[in-house]
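Novice: Got a file for you: work.pdb, PDB, C-alpha atoms.
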ATOM      1  CA  ILE A   1       0.000   0.000   0.000
ATOM      2  CA  ARG A   2       1.565   3.298  -1.119
ATOM      3  CA  LEU A   3       0.506   6.928  -0.694
ATOM      4  CA  TYR A   4       1.541   9.212  -3.573
ATOM      5  CA  ASP A   5       1.771  12.983  -3.087
ATOM      6  CA  GLN A   6       1.359  14.025  -6.707
ATOM      7  CA  ALA A   7       2.327  17.680  -6.179
ATOM      8  CA  ALA A   8       5.612  16.831  -4.428
ATOM      9  CA  GLY A   9       6.351  13.703  -6.442
ATOM     10  CA  LYS A  10       6.840  11.694  -3.239
ATOM     11  CA  SER A  11       5.550   8.318  -2.180
ATOM     12  CA  VAL A  12       5.549   6.449   1.130
ATOM     13  CA  ASN A  13       4.927   2.845   2.057
ATOM     14  CA  LEU A  14       1.912   2.889   4.382
ATOM     15  CA  ARG A  15       2.874  -0.482   5.868
ATOM     16  CA  THR A  16       5.990   1.008   7.446
ATOM     17  CA  VAL A  17       5.228   4.750   7.815
ATOM     18  CA  HIS A  18       2.564   5.914  10.258
ATOM     19  CA  GLY A  19       2.056   9.410   8.865
ATOM     20  CA  TYR A  20       2.886  11.905   6.146
ATOM     21  CA  GLU A  21       3.341  15.651   6.639
ATOM     22  CA  TYR A  22       3.602  18.575   4.264
ATOM     23  CA  THR A  23       3.747  22.339   4.819
ATOM     24  CA  ASP A  24       2.331  23.716   1.577
ATOM     25  CA  THR A  25      -1.069  25.421   2.046
ATOM     26  CA  ALA A  26      -2.172  24.976  -1.580
ATOM     27  CA  SER A  27      -4.585  22.224  -2.606
ATOM     28  CA  ARG A  28      -3.000  18.772  -2.618
ATOM     29  CA  TYR A  29      -3.871  15.660  -4.554
ATOM     30  CA  PHE A  30      -2.981  12.249  -3.201
ATOM     31  CA  ARG A  31      -3.308   8.793  -4.672
ATOM     32  CA  ILE A  32      -3.349   5.515  -2.759
ATOM     33  CA  GLU A  33      -2.366   2.349  -4.585
ATOM     34  CA  VAL A  34      -2.817  -1.168  -3.341
ATOM     35  CA  LYS A  35      -0.926  -3.808  -5.293
ATOM     36  CA  GLN A  36      -0.145  -7.431  -4.754
ATOM     37  CA  ALA A  37       3.554  -7.858  -4.164
ATOM     38  CA  ALA A  38       5.460  -8.775  -7.303
ATOM     39  CA  GLY A  39       7.792 -11.114  -5.449
ATOM     40  CA  LYS A  40       7.701 -13.034  -2.247
ATOM     41  CA  THR A  41       6.491 -11.426   0.945
ATOM     42  CA  LEU A  42       9.412 -10.635   3.220
ATOM     43  CA  THR A  43       9.663 -12.886   6.256
ATOM     44  CA  VAL A  44      12.500 -13.649   8.643
ATOM     45  CA  GLY A  45      12.508 -16.932  10.503
ATOM     46  CA  GLY A  46      14.578 -19.856  11.664
ATOM     47  CA  VAL A  47      16.456 -17.597  14.075
ATOM     48  CA  SER A  48      18.964 -19.372  16.288
ATOM     49  CA  THR A  49      22.026 -18.376  18.296
ATOM     50  CA  GLN A  50      25.071 -20.461  19.176
ATOM     51  CA  GLN A  51      28.129 -19.411  21.172
ATOM     52  CA  ALA A  52      31.316 -20.664  19.528
ATOM     53  CA  ASN A  53      34.537 -21.599  21.305
ATOM     54  CA  GLY A  54      36.336 -18.590  19.793
ATOM     55  CA  GLY A  55      34.421 -16.113  21.950
ATOM     56  CA  GLN A  56      31.798 -15.249  19.344
ATOM     57  CA  MET A  57      28.049 -15.670  18.978
ATOM     58  CA  ALA A  58      26.729 -16.991  15.662
ATOM     59  CA  ILE A  59      23.257 -15.627  14.855
ATOM     60  CA  SER A  60      21.590 -17.602  12.075
ATOM     61  CA  TYR A  61      18.362 -16.556  10.311
ATOM     62  CA  THR A  62      16.459 -17.267   7.111
ATOM     63  CA  LEU A  63      15.088 -14.594   4.746
ATOM     64  CA  SER A  64      12.306 -15.196   2.216
ATOM     65  CA  ALA A  65      13.572 -12.361  -0.031
ATOM     66  CA  ASP A  66      16.647 -10.140  -0.400
ATOM     67  CA  ALA A  67      16.766  -7.385   2.248
ATOM     68  CA  ALA A  68      19.008  -5.004   4.175
ATOM     69  CA  VAL A  69      19.595  -6.485   7.635
ATOM     70  CA  ASP A  70      20.600  -5.035  11.004
ATOM     71  CA  VAL A  71      21.023  -6.994  14.225
ATOM     72  CA  GLN A  72      20.654  -5.319  17.600
ATOM     73  CA  VAL A  73      21.803  -6.999  20.788
ATOM     74  CA  ARG A  74      20.095  -5.850  24.000
ATOM     75  CA  ASN A  75      20.433  -6.903  27.596
ATOM     76  CA  ILE A  76      17.451  -8.612  29.203
ATOM     77  CA  SER A  77      16.072  -5.242  30.418
ATOM     78  CA  GLY A  78      16.053  -3.952  26.826
ATOM     79  CA  ARG A  79      19.071  -1.602  26.884
ATOM     80  CA  LEU A  80      20.986  -1.563  23.593
ATOM     81  CA  ILE A  81      24.366  -3.280  23.959
ATOM     82  CA  ARG A  82      25.564  -3.475  20.339
ATOM     83  CA  SER A  83      24.338  -2.879  16.786
ATOM     84  CA  ILE A  84      25.622  -5.155  14.032
ATOM     85  CA  PRO A  85      24.925  -3.830  10.513
ATOM     86  CA  CYS A  86      24.839  -6.784   8.115
ATOM     87  CA  GLY A  87      24.102  -4.847   4.899
ATOM     88  CA  GLU A  88      22.273  -6.418   1.974
ATOM     89  CA  CYS A  89      21.567 -10.118   2.494
ATOM     90  CA  SER A  90      20.202 -12.657   0.027
ATOM     91  CA  ALA A  91      17.130 -14.813   0.443
ATOM     92  CA  GLY A  92      17.965 -18.051   2.239
ATOM     93  CA  ILE A  93      20.065 -18.854   5.293
ATOM     94  CA  ASN A  94      22.286 -16.024   6.562
ATOM     95  CA  LEU A  95      24.716 -15.661   9.450
ATOM     96  CA  ALA A  96      25.696 -12.663  11.587
ATOM     97  CA  THR A  97      28.540 -12.784  14.097
ATOM     98  CA  TRP A  98      28.718 -10.935  17.419
ATOM     99  CA  ASP A  99      32.106 -10.763  19.148
ATOM    100  CA  LEU A 100      30.446 -10.663  22.612
ATOM    101  CA  ARG A 101      31.528  -7.059  23.120
ATOM    102  CA  ASN A 102      29.440  -3.974  23.798
ATOM    103  CA  ALA A 103      29.521  -0.783  21.697
ATOM    104  CA  SER A 104      32.570   0.464  23.670
ATOM    105  CA  GLY A 105      34.523  -2.728  22.958
ATOM    106  CA  ALA A 106      34.326  -4.200  26.464
ATOM    107  CA  MET A 107      33.471  -7.878  26.929
ATOM    108  CA  VAL A 108      29.872  -8.413  28.068
ATOM    109  CA  PRO A 109      29.242 -10.478  31.201
ATOM    110  CA  SER A 110      27.642 -13.907  31.212
ATOM    111  CA  GLY A 111      23.887 -13.826  30.971
ATOM    112  CA  MET A 112      20.886 -13.745  28.677
ATOM    113  CA  TYR A 113      20.693 -11.265  25.782
ATOM    114  CA  LEU A 114      18.053 -10.459  23.159
ATOM    115  CA  CYS A 115      18.952 -10.390  19.472
ATOM    116  CA  THR A 116      16.580  -8.450  17.205
ATOM    117  CA  ILE A 117      16.977  -9.035  13.468
ATOM    118  CA  THR A 118      15.390  -6.210  11.438
ATOM    119  CA  CYS A 119      15.064  -6.606   7.665
ATOM    120  CA  ARG A 120      14.036  -3.967   5.070
ATOM    121  CA  THR A 121      13.344  -4.346   1.363
ATOM    122  CA  GLU A 122      13.823  -1.607  -1.245
ATOM    123  CA  ASP A 123      10.087  -0.835  -1.231
ATOM    124  CA  GLY A 124      10.185  -0.047   2.505
ATOM    125  CA  THR A 125       8.688  -3.281   3.825
ATOM    126  CA  GLN A 126      10.171  -4.059   7.240
ATOM    127  CA  VAL A 127       9.980  -7.177   9.414
ATOM    128  CA  SER A 128      11.719  -8.186  12.641
ATOM    129  CA  ALA A 129      12.351 -11.324  14.666
ATOM    130  CA  ILE A 130      13.704 -11.673  18.210
ATOM    131  CA  SER A 131      15.689 -14.518  19.736
ATOM    132  CA  THR A 132      17.534 -15.011  22.995
ATOM    133  CA  ALA A 133      21.272 -15.614  23.238
ATOM    134  CA  ARG A 134      22.958 -17.061  26.324
ATOM    135  CA  VAL A 135      26.543 -15.897  26.932
ATOM    136  CA  SER A 136      28.655 -18.191  29.098
ATOM    137  CA  ARG A 137      32.141 -17.329  30.310
TER
END
Could you write out this file's structure as structure tokens?
Specialist:
Amino acid sequence: IRLYDQAAGKSVNLRTVHGYEYTDTASRYFRIEVKQAAGKTLTVGGVSTQQANGGQMAISYTLSADAAVDVQVRNISGRLIRSIPCGECSAGINLATWDLRNASGAMVPSGMYLCTITCRTEDGTQVSAISTARVSR
């Protein structure tokens, strides 16, 4: 579902944007288009985490379509510990690696962490999945 602002030549994906603002006081014409997706619907699944002997966490996930991917690691109370930009990833099984360090480079303590995988397609569709990761020292 897309909203087109014909005067400004802009469009927004209404599945991922909750509003649209403009400052012009002149009359505006908008068009809303609803189309069936040309390709597969974006989904992320099969998320699993595994701590390796080398002091890293392997975060595995499966994409149904190509997408830009970011992984955020949070402590159990929800505070952001580390962001891991993965860039453009292909449909299928993908792997992100966390070095078990926070954003400052310090080793994180043992405990439970939350990994959020956020995926975005070129048309603005966004999906996320969350998994837990147990760090043992």
Novice: Would you please work out which residue, of A:Gln50, A:Leu14, A:Arg2, A:Gly19, is nearest to A:Glu33 when using only C-alpha atoms?
Specialist: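 Under the stated criterion, the closest residue is A:Arg2.
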Novice: Here's the selection I'm unsure about, the PyMOL selection byres ((chain A and resi 11) around 12); applied to the file above, which residues does it give, as a compact mmCIF listing (two decimals) with C-alpha atoms, in the coordinates of the input?
Specialist:
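File expr09.txt, as written:
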# COMPACT_ATOMS: atom_id res chain seq x y z
CA ILE A 1 0.00 0.00 0.00
CA ARG A 2 1.56 3.30 -1.12
CA LEU A 3 0.51 6.93 -0.69
CA TYR A 4 1.54 9.21 -3.57
CA ASP A 5 1.77 12.98 -3.09
CA GLN A 6 1.36 14.02 -6.71
CA ALA A 7 2.33 17.68 -6.18
CA ALA A 8 5.61 16.83 -4.43
CA GLY A 9 6.35 13.70 -6.44
CA LYS A 10 6.84 11.69 -3.24
CA VAL A 12 5.55 6.45 1.13
CA ASN A 13 4.93 2.84 2.06
CA LEU A 14 1.91 2.89 4.38
CA VAL A 17 5.23 4.75 7.82
CA GLY A 19 2.06 9.41 8.86
CA TYR A 20 2.89 11.90 6.15
CA GLU A 21 3.34 15.65 6.64
CA PHE A 30 -2.98 12.25 -3.20
CA ARG A 31 -3.31 8.79 -4.67
CA ILE A 32 -3.35 5.52 -2.76
CA GLU A 33 -2.37 2.35 -4.58
CA ASP A 123 10.09 -0.84 -1.23
CA GLY A 124 10.18 -0.05 2.50
Novice: Apply the PyMOL selection byres ((chain A and resi 119) around 6) to the structure shown and report the selected residues as a ChimeraX atom specification.
Specialist: /A:67-69,118,120,126-127
Novice: Quick one: apply the PyMOL selection byres ((chain A and resi 95) around 8) to the file and drop the selected residues here as a PyMOL selection string.
Specialist: chain A and resi 58-61+93-94+96-97
Novice: Excluding same-chain residues fewer than 6 positions from A:Val71, what lies within 7 Å of it counting only C-alpha atoms, as number ranges by chain?
Specialist: A: 83-85, 115-118
Novice: What separation in Å, quoted to one decimal, exists between atom CA of A:Ala103 and atom CA of A:Thr43?
Specialist: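 Going from atom CA of A:Ala103 over to atom CA of A:Thr43 covers 27.9 Å.
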Novice: Provide stretch 36-61 of chain A of the preceding structure as a file containing N, CA, C and O atoms, as a compact mmCIF listing (two decimals), in the first residue's frame.
Specialist:
# COMPACT_ATOMS: atom_id res chain seq x y z
N GLN A 36 -0.68 -6.18 -5.26
CA GLN A 36 -0.15 -7.43 -4.75
C GLN A 36 1.35 -7.41 -5.00
O GLN A 36 1.82 -6.95 -6.05
N ALA A 37 2.10 -7.86 -4.04
CA ALA A 37 3.55 -7.86 -4.16
C ALA A 37 3.99 -8.66 -5.37
O ALA A 37 3.46 -9.73 -5.65
N ALA A 38 4.96 -8.11 -6.10
CA ALA A 38 5.46 -8.77 -7.30
C ALA A 38 6.26 -10.02 -6.96
O ALA A 38 6.24 -11.00 -7.68
N GLY A 39 6.97 -9.98 -5.85
CA GLY A 39 7.79 -11.11 -5.45
C GLY A 39 7.24 -11.74 -4.19
O GLY A 39 6.07 -11.60 -3.86
N LYS A 40 8.10 -12.40 -3.50
CA LYS A 40 7.70 -13.03 -2.25
C LYS A 40 7.52 -11.98 -1.16
O LYS A 40 8.18 -10.95 -1.15
N THR A 41 6.64 -12.26 -0.23
CA THR A 41 6.49 -11.43 0.95
C THR A 41 7.71 -11.63 1.83
O THR A 41 8.17 -12.75 2.02
N LEU A 42 8.23 -10.54 2.37
CA LEU A 42 9.41 -10.63 3.22
C LEU A 42 9.06 -11.24 4.57
O LEU A 42 8.16 -10.78 5.25
N THR A 43 9.76 -12.29 4.93
CA THR A 43 9.66 -12.89 6.26
C THR A 43 11.07 -13.22 6.73
O THR A 43 11.97 -13.46 5.93
N VAL A 44 11.25 -13.22 8.04
CA VAL A 44 12.50 -13.65 8.64
C VAL A 44 12.13 -14.72 9.66
O VAL A 44 11.21 -14.56 10.45
N GLY A 45 12.83 -15.82 9.61
CA GLY A 45 12.51 -16.93 10.50
C GLY A 45 13.72 -17.79 10.74
O GLY A 45 14.83 -17.48 10.31
N GLY A 46 13.49 -18.91 11.40
CA GLY A 46 14.58 -19.86 11.66
C GLY A 46 15.72 -19.24 12.44
O GLY A 46 16.87 -19.60 12.24
N VAL A 47 15.41 -18.30 13.34
CA VAL A 47 16.46 -17.60 14.07
C VAL A 47 17.00 -18.50 15.18
O VAL A 47 16.25 -19.08 15.95
N SER A 48 18.32 -18.62 15.22
CA SER A 48 18.96 -19.37 16.29
C SER A 48 20.30 -18.72 16.62
O SER A 48 20.90 -18.04 15.79
N THR A 49 20.74 -18.92 17.85
CA THR A 49 22.03 -18.38 18.30
C THR A 49 22.86 -19.51 18.88
O THR A 49 22.33 -20.43 19.49
N GLN A 50 24.16 -19.42 18.68
CA GLN A 50 25.07 -20.46 19.18
C GLN A 50 26.40 -19.81 19.53
O GLN A 50 27.02 -19.18 18.67
N GLN A 51 26.83 -19.94 20.78
CA GLN A 51 28.13 -19.41 21.17
C GLN A 51 29.21 -20.38 20.72
O GLN A 51 29.15 -21.57 21.01
N ALA A 52 30.21 -19.85 20.03
CA ALA A 52 31.32 -20.66 19.53
C ALA A 52 32.47 -20.60 20.52
O ALA A 52 32.54 -19.72 21.38
N ASN A 53 33.39 -21.54 20.41
CA ASN A 53 34.54 -21.60 21.31
C ASN A 53 35.45 -20.39 21.17
O ASN A 53 36.17 -20.05 22.09
N GLY A 54 35.44 -19.72 20.03
CA GLY A 54 36.34 -18.59 19.79
C GLY A 54 35.87 -17.29 20.41
O GLY A 54 36.39 -16.23 20.09
N GLY A 55 34.88 -17.33 21.31
CA GLY A 55 34.42 -16.11 21.95
C GLY A 55 33.51 -15.28 21.07
O GLY A 55 33.51 -14.06 21.16
N GLN A 56 32.74 -15.94 20.21
CA GLN A 56 31.80 -15.25 19.34
C GLN A 56 30.44 -15.92 19.42
O GLN A 56 30.33 -17.08 19.77
N MET A 57 29.41 -15.15 19.05
CA MET A 57 28.05 -15.67 18.98
C MET A 57 27.64 -15.69 17.51
O MET A 57 27.71 -14.66 16.83
N ALA A 58 27.24 -16.86 17.02
CA ALA A 58 26.73 -16.99 15.66
C ALA A 58 25.22 -16.83 15.72
O ALA A 58 24.54 -17.51 16.49
N ILE A 59 24.69 -15.89 14.92
CA ILE A 59 23.26 -15.63 14.86
C ILE A 59 22.80 -16.00 13.45
O ILE A 59 23.15 -15.34 12.48
N SER A 60 22.05 -17.08 13.36
CA SER A 60 21.59 -17.60 12.07
C SER A 60 20.12 -17.24 11.87
O SER A 60 19.33 -17.28 12.82
N TYR A 61 19.75 -16.90 10.64
CA TYR A 61 18.36 -16.56 10.31
C TYR A 61 18.11 -16.83 8.83
O TYR A 61 19.05 -16.90 8.03
